[in-house]
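Student: Structure file coords-v7.pdb (PDB, C-alpha atoms) right here:
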```pdb
ATOM      1  CA  MET A  17     202.401  10.091 -95.206
ATOM      2  CA  ASN A  18     199.288   8.728 -96.890
ATOM      3  CA  THR A  19     199.168   8.609-100.660
ATOM      4  CA  ALA A  20     195.924  10.027-102.014
ATOM      5  CA  THR A  21     194.493   9.379-105.433
ATOM      6  CA  ALA A  22     192.309  11.892-107.243
ATOM      7  CA  GLU A  23     189.302   9.692-106.541
ATOM      8  CA  SER A  24     189.980   9.457-102.791
ATOM      9  CA  TRP A  25     190.544  13.224-102.604
ATOM     10  CA  VAL A  26     187.157  13.861-104.213
ATOM     11  CA  ASP A  27     185.433  11.320-101.976
ATOM     12  CA  GLU A  28     187.116  12.181 -98.666
ATOM     13  CA  TRP A  29     188.120  15.852 -98.755
ATOM     14  CA  TRP A  30     186.524  17.826-101.541
ATOM     15  CA  GLN A  31     182.901  18.221-100.515
ATOM     16  CA  PRO A  32     181.311  21.298-102.129
ATOM     17  CA  ARG A  33     178.074  20.228-103.771
ATOM     18  CA  ARG A  34     177.964  23.167-106.209
ATOM     19  CA  PRO A  35     181.530  24.488-106.616
ATOM     20  CA  LEU A  36     182.617  27.403-108.741
ATOM     21  CA  ALA A  37     184.172  26.256-112.021
ATOM     22  CA  THR A  38     184.935  27.445-115.540
ATOM     23  CA  ASP A  39     186.985  26.691-118.633
ATOM     24  CA  HIS A  40     187.537  30.380-119.421
ATOM     25  CA  PRO A  41     188.032  32.729-116.392
ATOM     26  CA  ALA A  42     187.507  35.844-118.534
ATOM     27  CA  SER A  43     183.983  34.617-119.280
ATOM     28  CA  GLY A  44     183.134  34.212-115.596
ATOM     29  CA  CYS A  45     183.097  31.507-112.977
ATOM     30  CA  TYR A  46     179.792  29.833-112.150
ATOM     31  CA  ARG A  47     178.363  27.390-109.621
ATOM     32  CA  MET A  48     177.539  23.999-111.084
ATOM     33  CA  SER A  49     177.084  20.401-109.995
ATOM     34  CA  ARG A  50     180.152  18.524-108.780
ATOM     35  CA  GLU A  51     179.911  16.200-111.766
ATOM     36  CA  ASP A  52     179.990  19.094-114.255
ATOM     37  CA  ALA A  53     182.622  21.036-112.295
ATOM     38  CA  LEU A  54     185.063  18.112-112.354
ATOM     39  CA  LEU A  55     185.071  18.360-116.154
ATOM     40  CA  ARG A  56     186.163  22.028-116.146
ATOM     41  CA  ARG A  57     189.714  23.358-116.394
ATOM     42  CA  TYR A  58     189.479  25.740-113.401
ATOM     43  CA  LEU A  59     187.832  24.474-110.250
ATOM     44  CA  GLN A  60     187.203  25.794-106.734
ATOM     45  CA  HIS A  61     189.542  23.656-104.614
ATOM     46  CA  SER A  62     188.087  24.514-101.193
ATOM     47  CA  PRO A  63     184.684  25.807-100.138
ATOM     48  CA  PRO A  64     184.816  29.171 -98.300
ATOM     49  CA  PRO A  65     184.452  27.692 -94.763
ATOM     50  CA  LEU A  66     187.436  25.418 -95.400
ATOM     51  CA  VAL A  67     189.785  27.802 -97.167
ATOM     52  CA  SER A  68     192.975  27.055 -95.370
ATOM     53  CA  MET A  69     195.428  26.314 -98.105
ATOM     54  CA  LEU A  70     197.418  28.182-100.647
ATOM     55  CA  VAL A  71     198.392  26.013-103.590
ATOM     56  CA  VAL A  72     201.730  26.924-105.169
ATOM     57  CA  ASP A  73     203.276  25.059-108.091
ATOM     58  CA  VAL A  74     207.064  25.446-108.060
ATOM     59  CA  ASP A  75     208.942  23.828-110.930
ATOM     60  CA  HIS A  76     212.544  23.726-109.755
ATOM     61  CA  ARG A  77     214.792  20.758-109.079
ATOM     62  CA  ASP A  78     215.315  22.022-105.507
ATOM     63  CA  THR A  79     211.644  22.724-104.667
ATOM     64  CA  LEU A  80     211.699  20.697-101.446
ATOM     65  CA  LEU A  81     214.863  22.448-100.265
ATOM     66  CA  ARG A  82     213.311  25.835-101.071
ATOM     67  CA  ALA A  83     210.170  24.946 -99.090
ATOM     68  CA  ILE A  84     212.124  23.798 -96.052
ATOM     69  CA  SER A  85     214.729  26.588 -96.040
ATOM     70  CA  ARG A  86     212.209  29.418 -96.241
ATOM     71  CA  PRO A  87     212.758  32.776 -94.497
ATOM     72  CA  LEU A  88     211.884  32.575 -90.792
ATOM     73  CA  ALA A  89     209.121  35.146 -91.247
ATOM     74  CA  HIS A  90     207.262  32.785 -93.591
ATOM     75  CA  PRO A  91     204.951  30.054 -92.267
ATOM     76  CA  GLU A  92     206.003  26.430 -92.629
ATOM     77  CA  PRO A  93     204.369  24.522 -95.471
ATOM     78  CA  SER A  94     201.846  22.007 -94.207
ATOM     79  CA  TRP A  95     202.306  19.777 -97.234
ATOM     80  CA  VAL A  96     204.844  19.472-100.055
ATOM     81  CA  ALA A  97     204.468  17.063-102.966
ATOM     82  CA  GLU A  98     207.129  15.951-105.408
ATOM     83  CA  SER A  99     206.594  14.208-108.723
ATOM     84  CA  PRO A 100     208.684  11.141-109.596
ATOM     85  CA  SER A 101     211.055  13.456-111.497
ATOM     86  CA  GLY A 102     211.842  15.256-108.230
ATOM     87  CA  ARG A 103     210.001  18.420-109.160
TER      88      ARG A 103
END
```
Show me, as structure tokens, the structure contained in the file I just sent.

Tutor:
Amino acid sequence: MNTATAESWVDEWWQPRRPLATDHPASGCYRMSREDALLRRYLQHSPPPLVSMLVVDVDHRDTLLRAISRPLAHPEPSWVAESPSGR
């Protein structure tokens, strides 16, 4: 598995030129330049033509086991990441 840094992810995968972003969702989400959007708290992670992922943050010590031993009716995860603490 390749290890990606935030910089390589932005350069190689995240390509929207004017993504939706905001600091306060209740105030609305607006299109802005990539440079400005990267400074916001909430950021569009995939442009509409490439929406193919669901990002789920699970904070349990057995997250990997939970992802692998999912119910058969659920799709397999395409990617699971663990922090150094194992979460």

Student: Could you please determine the separation between atom CA of A:His61 and atom CA of A:His76 in Å, to one decimal place?

Tutor: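 Calculated distance between atom CA of A:His61 and atom CA of A:His76 is 23.6 Å.
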
Student: Is there a way to get, as number ranges by chain, all residues within 10 Å of the point (180.0, 22.9, -113.1) in file coordinates, counting only C-alpha atoms?

Tutor: A: 33-39, 45-56, 58-59

Student: Looking at all atoms listed in the file, which of A:Gly44, A:Ala97, A:Gln60, A:Ile84 is the one that sits closest to A:Pro32?

Tutor: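 Using all atoms listed in the file, A:Pro32 sits closest to A:Gln60.
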
Student: Hey, can you check how far atom CA of A:Arg82 sits from atom CA of A:Ser94?

Tutor: 13.9 Å

Student: Name the residues that the PyMOL selection byres ((chain A and resi 91-93) around 12) picks from the file above, as a ChimeraX atom specification, using the file's chain letters and numbers.

Tutor: /A:68-72,79-90,94-97

Student: Can you sort out the box for stretch 39-53 of chain A, edges along x, y and z, all listed atoms in, 4 Å on every side, with centre and edge lengths in Å to one decimal, as AutoDock Vina command-line options?

Tutor:
```
--center_x 182.6 --center_y 26.0 --center_z -114.1 --size_x 18.9 --size_y 27.6 --size_z 18.6
```
